[in-house]
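Have a look at the structure below before the remarks.
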Amino acid sequence: MHDLSKLRNNINKVDEEIIKLLSERRKLSKEVIKAKDESDKPIRDQNRETELLKKIIKYGKEKGIDAHFLTKVFYEIIEDSVRIQMSEVQDLTGQQLNGRDVITVAIQGIEGAYSFLAANKFFAHSGKDLEFVKKKRFEEVVTAVEKGEADYAFLPIENTTSGGINEVYDLMLNTSLSIVGEETFRVKHCLAALENISINKIKKIYAHYQAAAQCSNFIESLPNVRIEYFADTAMSVEKIKEEGNPEFAAIASEEAANLFGVHILKTDIANQSENYTRFLAAARKAIDVDPRIPCKTSLVMATAHVPGSLVDALNVFRKFNVNITKLESRPILGNPWEEMFYLDFEGNIKDETIQHLIDDLGVYTRFFKILGSYASQEVLKTKLEAFAVTEEAPSSEVKKEVKVEKKIKSKKSASYKLASRDYKSEDTIIKVRDVEIGGANFVVMAGPCSIESESQILSCAAEAREHGAQILRGGCFKPRTSPYSFQGLGYEGLEMMERAGKRYDLPIITEVLAPDQVIEVAKHSDLIQIGARNMQNFSLLKEVGKIHRPVLLKRGMMSSLDELLNAAEYILSYGNRQVILCERGIRTFETATRNTLDLSAVPVLKELTHLPIIVDPSHALGERDKVIPMAKASKIVGAHGIIVEFHPEPEKALSDGPQALYYHQFEEMMRDLKKL
Ligand code: PEP
Ligand code: MN
């Protein structure tokens, strides 16, 4: 007879021994990273891992333990080791908290919600206390961090059953926050109720809509159940507690059910038992990820309006041998049937190869924004199955070295890069709804200097449409020399213009004067104008650089072409790759015209830059009779279009009347241009 308790005792001793050894191994792991620290070696050494696993399997065979079991155990051990080494070299919160001991984390939902649970897991290694700022909507979570109410936003981004969380993708596009980390969390839904009653008695279920979608098979199997949607899983548990009805149930995590002290009627009710949600941590300041840590970078881009530009963009990743781990597309709000692409790829933005990749990628994009580089949560398993069966040395899977072609930079374009022909040799074509600006097209933008009334802009829009102008211009915020001059109708004018544009099916362009107008004006117009007086208003340039509406940048009246291109570079470098340059006359000693139209800017700029260039003869000449010949000359010298002012009654115009064309002159100009 075996002595069971003695055997169990022995097993306990062995287990203790295993734990001691694991702890010993962890200590050695930390020593290893210190040694690697001195030598600057990466944390992962997959060749060494392969060798290690091979040895273990061989030794295991001798001891009668199968390879499958040992690989499983050692995958866990290696992963643990990698994580320990990662947290040794990367103090995630240190870079942002300046020594504070409490981390404030904004989440959508309450205690027990999946965001809450995943955030606890994510920050577990930080050794800091967590304080939660609980919000109802994702947007409020982001705003809380932007405004400094919390240190981190912790948001779900995708689920392996129900897919991407669109609202969060859209928020990432517009926020100034950077992604600083990710966490995948296994979602295990259960059905919870106040009392332990039979599931068939349940009449109503409260659930988050995503959770309900993930448990649809289970819900359908229940007779006579009504479903009511809730903002988060934990809140639905809170709700059944509040209501006190034993026939009401909630779908939530087991943790939430336990937290609220309710009964779990059934566990694992999701359609897919393997159900994971990936969360992102975002902060005001981007982090520098230690180069030894496996790193991911997320970006969002809109590809150029050229057939095959997405394929070209993706080929850049192949060229640099960089692995894309995620590609998701979202419609661009306000531009039906156009898409933004969200990409995650393996690599660190600080890495030189990745910098070159980003440079190349930019050529195929019209909007570009890096969302952040962060430690990859996924510890990729060293492939071993193939080696387990053979004792042969593994064929090395070391990544091919990518030879980075260093671009030869011409001396002329040292101060700007993205705007230069060196960077992008083909002409950039900018699409504003159906109108293409750039390449071989000649586009006419026309309208009044200022929007003055609904009837005025409607009349101008009708005139523009009738005679073939493709874009309606008009100022709502006016930059005036005198503070006593008409300053524009502001947003009220913009509404009038938007209605006129819609009615006559014309895209609209209007000027912004201040950074805080940019987002609102961009929502209601198709093209944003930066006026001559603001060409070097750098905070305004940065702001329009962050949006994804094309920008018309006018040359300052005292600016060189080099300064104009550097101003464009500001916009491009902030992500917005859709800039149209505009020559509108410069100040010279000549006083016979308002300004001197520098038409030589057109061929010069066409050589220096891939960006489209248009001409504004109205503001340059300042006198209506001289506008038409210069408009025609603009086409002859190769401009991609013109922007001109006209008015139904120029004598009554509230701004720039003397240069406004009469309708009959505008019609004549359009006829003449067609002949060229
Ligand atoms: C305008 O287009 O109405 C305008 C003010 O032009 P600029 O900035 O070229 O003077
Ligand atoms: Mn004007």
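A note on labels: chains of the structure tokens are A, B, ... as shown, every chain counts residues from 1, and ligands are counted from 1 in their shown order.
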Give me the chain A side of the contact with ligand 2, cut-off 8 Å, one line per residue showing its nearest atom pair and distance in Å at one decimal, counting only C-alpha atoms and all ligand atoms, sorted by chain and residue number, as JSON lines.
{"residue": "A:Pro448", "atom": "CA", "partner": "ligand 2", "partner_atom_place_in_ligand_line": "1 (Mn)", "distance": 7.6}
{"residue": "A:Cys449", "atom": "CA", "partner": "ligand 2", "partner_atom_place_in_ligand_line": "1 (Mn)", "distance": 4.1}
{"residue": "A:Ser450", "atom": "CA", "partner": "ligand 2", "partner_atom_place_in_ligand_line": "1 (Mn)", "distance": 7.0}
{"residue": "A:Gly475", "atom": "CA", "partner": "ligand 2", "partner_atom_place_in_ligand_line": "1 (Mn)", "distance": 7.7}
{"residue": "A:Ser618", "atom": "CA", "partner": "ligand 2", "partner_atom_place_in_ligand_line": "1 (Mn)", "distance": 7.6}
{"residue": "A:His619", "atom": "CA", "partner": "ligand 2", "partner_atom_place_in_ligand_line": "1 (Mn)", "distance": 6.2}
{"residue": "A:Glu645", "atom": "CA", "partner": "ligand 2", "partner_atom_place_in_ligand_line": "1 (Mn)", "distance": 6.9}
{"residue": "A:Ser655", "atom": "CA", "partner": "ligand 2", "partner_atom_place_in_ligand_line": "1 (Mn)", "distance": 6.5}
{"residue": "A:Asp656", "atom": "CA", "partner": "ligand 2", "partner_atom_place_in_ligand_line": "1 (Mn)", "distance": 5.1}
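Residues of protein, DNA or RNA lying at most 8 Å from ligand 1, when only C-alpha atoms and all ligand atoms are considered, are Cys449, Ser450, Gly474, Gly475, Lys478, Pro479, Arg480, Glu511, Gln529, Ile530, Gly531, Ala532, Arg533, Asn534, Lys554, Arg555, Gly556, Met557, Arg584, Gly585, Asp616, His619 and Ala620 of chain A.
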Restrict the calculation to only C-alpha atoms, then for each residue of range 252-358 of chain A with any atom at most 12 Å from an atom of range 206-226 of chain A give the closest atom pair and their distance in Å to one decimal, rows by chain and rising residue number, as JSON lines.
{"residue": "A:Ala252", "atom": "CA", "partner": "A:Ala207", "partner_atom": "CA", "distance": 7.5}
{"residue": "A:Ser253", "atom": "CA", "partner": "A:Ala211", "partner_atom": "CA", "distance": 9.9}
{"residue": "A:Lys266", "atom": "CA", "partner": "A:Phe218", "partner_atom": "CA", "distance": 10.3}
{"residue": "A:Thr267", "atom": "CA", "partner": "A:Phe218", "partner_atom": "CA", "distance": 11.0}
{"residue": "A:Asp268", "atom": "CA", "partner": "A:Cys215", "partner_atom": "CA", "distance": 9.1}
{"residue": "A:Ile269", "atom": "CA", "partner": "A:Cys215", "partner_atom": "CA", "distance": 5.9}
{"residue": "A:Ala270", "atom": "CA", "partner": "A:Cys215", "partner_atom": "CA", "distance": 4.2}
{"residue": "A:Asn271", "atom": "CA", "partner": "A:Cys215", "partner_atom": "CA", "distance": 5.3}
{"residue": "A:Gln272", "atom": "CA", "partner": "A:Gln214", "partner_atom": "CA", "distance": 7.5}
{"residue": "A:Ser273", "atom": "CA", "partner": "A:Gln214", "partner_atom": "CA", "distance": 9.8}
{"residue": "A:Glu274", "atom": "CA", "partner": "A:Gln214", "partner_atom": "CA", "distance": 10.9}
{"residue": "A:Asn275", "atom": "CA", "partner": "A:Gln214", "partner_atom": "CA", "distance": 8.5}
{"residue": "A:Tyr276", "atom": "CA", "partner": "A:Gln214", "partner_atom": "CA", "distance": 10.7}
{"residue": "A:Thr277", "atom": "CA", "partner": "A:Gln210", "partner_atom": "CA", "distance": 10.9}
Selected residues written out with C-alpha atoms, as a PDB file, in the first residue's frame:
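File written: out-v5.pdb
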ATOM      1  CA  ALA A 252     -19.998  40.878 -17.549  1.00  0.00           C
ATOM      2  CA  SER A 253     -16.667  39.484 -16.470  1.00  0.00           C
ATOM      3  CA  LYS A 266     -23.183  30.540 -16.301  1.00  0.00           C
ATOM      4  CA  THR A 267     -19.585  31.100 -17.236  1.00  0.00           C
ATOM      5  CA  ASP A 268     -17.975  31.170 -20.683  1.00  0.00           C
ATOM      6  CA  ILE A 269     -21.048  32.276 -22.614  1.00  0.00           C
ATOM      7  CA  ALA A 270     -19.253  33.894 -25.574  1.00  0.00           C
ATOM      8  CA  ASN A 271     -19.588  32.394 -29.071  1.00  0.00           C
ATOM      9  CA  GLN A 272     -15.822  32.051 -29.201  1.00  0.00           C
ATOM     10  CA  SER A 273     -14.188  30.861 -26.031  1.00  0.00           C
ATOM     11  CA  GLU A 274     -10.897  32.368 -27.192  1.00  0.00           C
ATOM     12  CA  ASN A 275     -11.984  35.982 -27.026  1.00  0.00           C
ATOM     13  CA  TYR A 276      -9.427  38.749 -26.569  1.00  0.00           C
ATOM     14  CA  THR A 277      -9.559  42.518 -26.511  1.00  0.00           C
TER      15      THR A 277
END
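A straight line drawn from CA of Gly109 in chain A to CA of Leu155 in chain A is 10.4 Å long.
The environment of Val105 in chain A within 8 Å, counting only C-alpha atoms and disregarding residues fewer than 3 places along the same chain, consists of Ala119, Leu130, Glu131, Phe132, Val133, Ala150, Asp151, Tyr152, Ala153 and Phe154 of chain A.
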Keeping only N, CA and C atoms, write those residues as a PDB file, in the first residue's frame.
ATOM      1  N   ALA A 119      -6.307  47.514 -17.477  1.00  0.00           N
ATOM      2  CA  ALA A 119      -5.378  48.565 -17.033  1.00  0.00           C
ATOM      3  C   ALA A 119      -4.609  48.089 -15.804  1.00  0.00           C
ATOM      4  N   LEU A 130      -2.753  52.805  -8.592  1.00  0.00           N
ATOM      5  CA  LEU A 130      -3.600  53.300  -9.684  1.00  0.00           C
ATOM      6  C   LEU A 130      -4.811  54.028  -9.127  1.00  0.00           C
ATOM      7  N   GLU A 131      -5.143  55.128  -9.771  1.00  0.00           N
ATOM      8  CA  GLU A 131      -6.369  55.830  -9.431  1.00  0.00           C
ATOM      9  C   GLU A 131      -7.140  55.972 -10.740  1.00  0.00           C
ATOM     10  N   PHE A 132      -8.426  55.643 -10.739  1.00  0.00           N
ATOM     11  CA  PHE A 132      -9.157  55.672 -12.006  1.00  0.00           C
ATOM     12  C   PHE A 132     -10.019  56.920 -12.139  1.00  0.00           C
ATOM     13  N   VAL A 133      -9.993  57.482 -13.342  1.00  0.00           N
ATOM     14  CA  VAL A 133     -10.888  58.597 -13.669  1.00  0.00           C
ATOM     15  C   VAL A 133     -11.921  57.974 -14.597  1.00  0.00           C
ATOM     16  N   ALA A 150      -5.981  63.309 -16.201  1.00  0.00           N
ATOM     17  CA  ALA A 150      -5.436  61.975 -15.936  1.00  0.00           C
ATOM     18  C   ALA A 150      -4.122  61.817 -16.700  1.00  0.00           C
ATOM     19  N   ASP A 151      -3.297  60.847 -16.255  1.00  0.00           N
ATOM     20  CA  ASP A 151      -2.002  60.626 -16.921  1.00  0.00           C
ATOM     21  C   ASP A 151      -2.154  59.777 -18.182  1.00  0.00           C
ATOM     22  N   TYR A 152      -3.015  58.772 -18.094  1.00  0.00           N
ATOM     23  CA  TYR A 152      -3.141  57.840 -19.213  1.00  0.00           C
ATOM     24  C   TYR A 152      -4.601  57.648 -19.603  1.00  0.00           C
ATOM     25  N   ALA A 153      -4.805  57.451 -20.899  1.00  0.00           N
ATOM     26  CA  ALA A 153      -6.105  56.999 -21.385  1.00  0.00           C
ATOM     27  C   ALA A 153      -5.927  55.520 -21.673  1.00  0.00           C
ATOM     28  N   PHE A 154      -6.870  54.725 -21.226  1.00  0.00           N
ATOM     29  CA  PHE A 154      -6.760  53.290 -21.471  1.00  0.00           C
ATOM     30  C   PHE A 154      -8.004  52.864 -22.237  1.00  0.00           C
TER      31      PHE A 154
END
Sorted per-residue table, range 271-322 of chain A near range 331-354 of chain A, closest atoms and distance, 9 Å, only C-alpha atoms, as CSV:
residue,atom,partner,partner_atom,distance
A:Asp288,CA,A:Lys350,CA,7.7
A:Val289,CA,A:Asn348,CA,7.2
A:Asp290,CA,A:Asn348,CA,8.8
A:Pro291,CA,A:Asn348,CA,7.2
A:Pro294,CA,A:Gly347,CA,7.4
A:Cys295,CA,A:Gly347,CA,5.2
A:Lys296,CA,A:Glu346,CA,4.5
A:Thr297,CA,A:Phe345,CA,5.5
A:Ser298,CA,A:Asp344,CA,4.3
A:Leu299,CA,A:Leu343,CA,5.4
A:Val300,CA,A:Tyr342,CA,4.4
A:Met301,CA,A:Phe341,CA,5.3
A:Ala302,CA,A:Met340,CA,4.8
A:Thr303,CA,A:Met340,CA,7.7
A:Phe317,CA,A:Phe345,CA,8.8
A:Phe320,CA,A:Thr353,CA,7.3
A:Val322,CA,A:Glu346,CA,6.4
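If you measure from each of A:Leu28, A:Ala592, A:Ala193, A:Val14 to Glu243 in chain A using only C-alpha atoms, the closest one turns out to be A:Ala193.
CA of Tyr570 in chain A is positioned 13.5 Å from CA of Phe367 in chain A.
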Item to complete: Fewer than 3 positions away in the same chain doesn't count, so skip those; otherwise give me all residues within 10 Å of Leu489 in chain A, counting only C-alpha atoms, as a list in words.
Response: Ser450, Ile451, Glu452, Ser453, Gly475, Cys476, Phe477, Lys478, Phe486, Glu492, Gly493, Leu494, Glu495 and Met496 of chain A
Fill in: Among the residues A:Gly127, A:Pro617, A:Gly575, A:Pro507, the one that comes closest to Ala631 in chain A [using only C-alpha atoms]
A:Pro617
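Within range 443-484 of chain A, DSSP applied to the backbone places the following residues in helix (DSSP H, G or I): A:Glu454, A:Ser455, A:Gln456, A:Ile457, A:Leu458, A:Ser459, A:Cys460, A:Ala461, A:Ala462, A:Glu463, A:Ala464, A:Arg465, A:Glu466.
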Residues from last step as file, C-alpha atoms, as a CSV table (one decimal), in the first residue's frame:
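File selection-v3.csv, as written:
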chain,number,residue,atom,x,y,z
A,454,GLU,CA,-26.9,84.5,-48.2
A,455,SER,CA,-28.2,86.0,-51.5
A,456,GLN,CA,-24.7,87.4,-52.5
A,457,ILE,CA,-23.0,84.0,-52.1
A,458,LEU,CA,-25.8,82.1,-53.7
A,459,SER,CA,-25.6,84.4,-56.7
A,460,CYS,CA,-21.8,84.0,-56.9
A,461,ALA,CA,-22.1,80.2,-56.6
A,462,ALA,CA,-24.7,80.1,-59.5
A,463,GLU,CA,-22.4,82.3,-61.6
A,464,ALA,CA,-19.3,80.2,-60.8
A,465,ARG,CA,-21.1,76.9,-61.6
A,466,GLU,CA,-22.7,78.3,-64.8
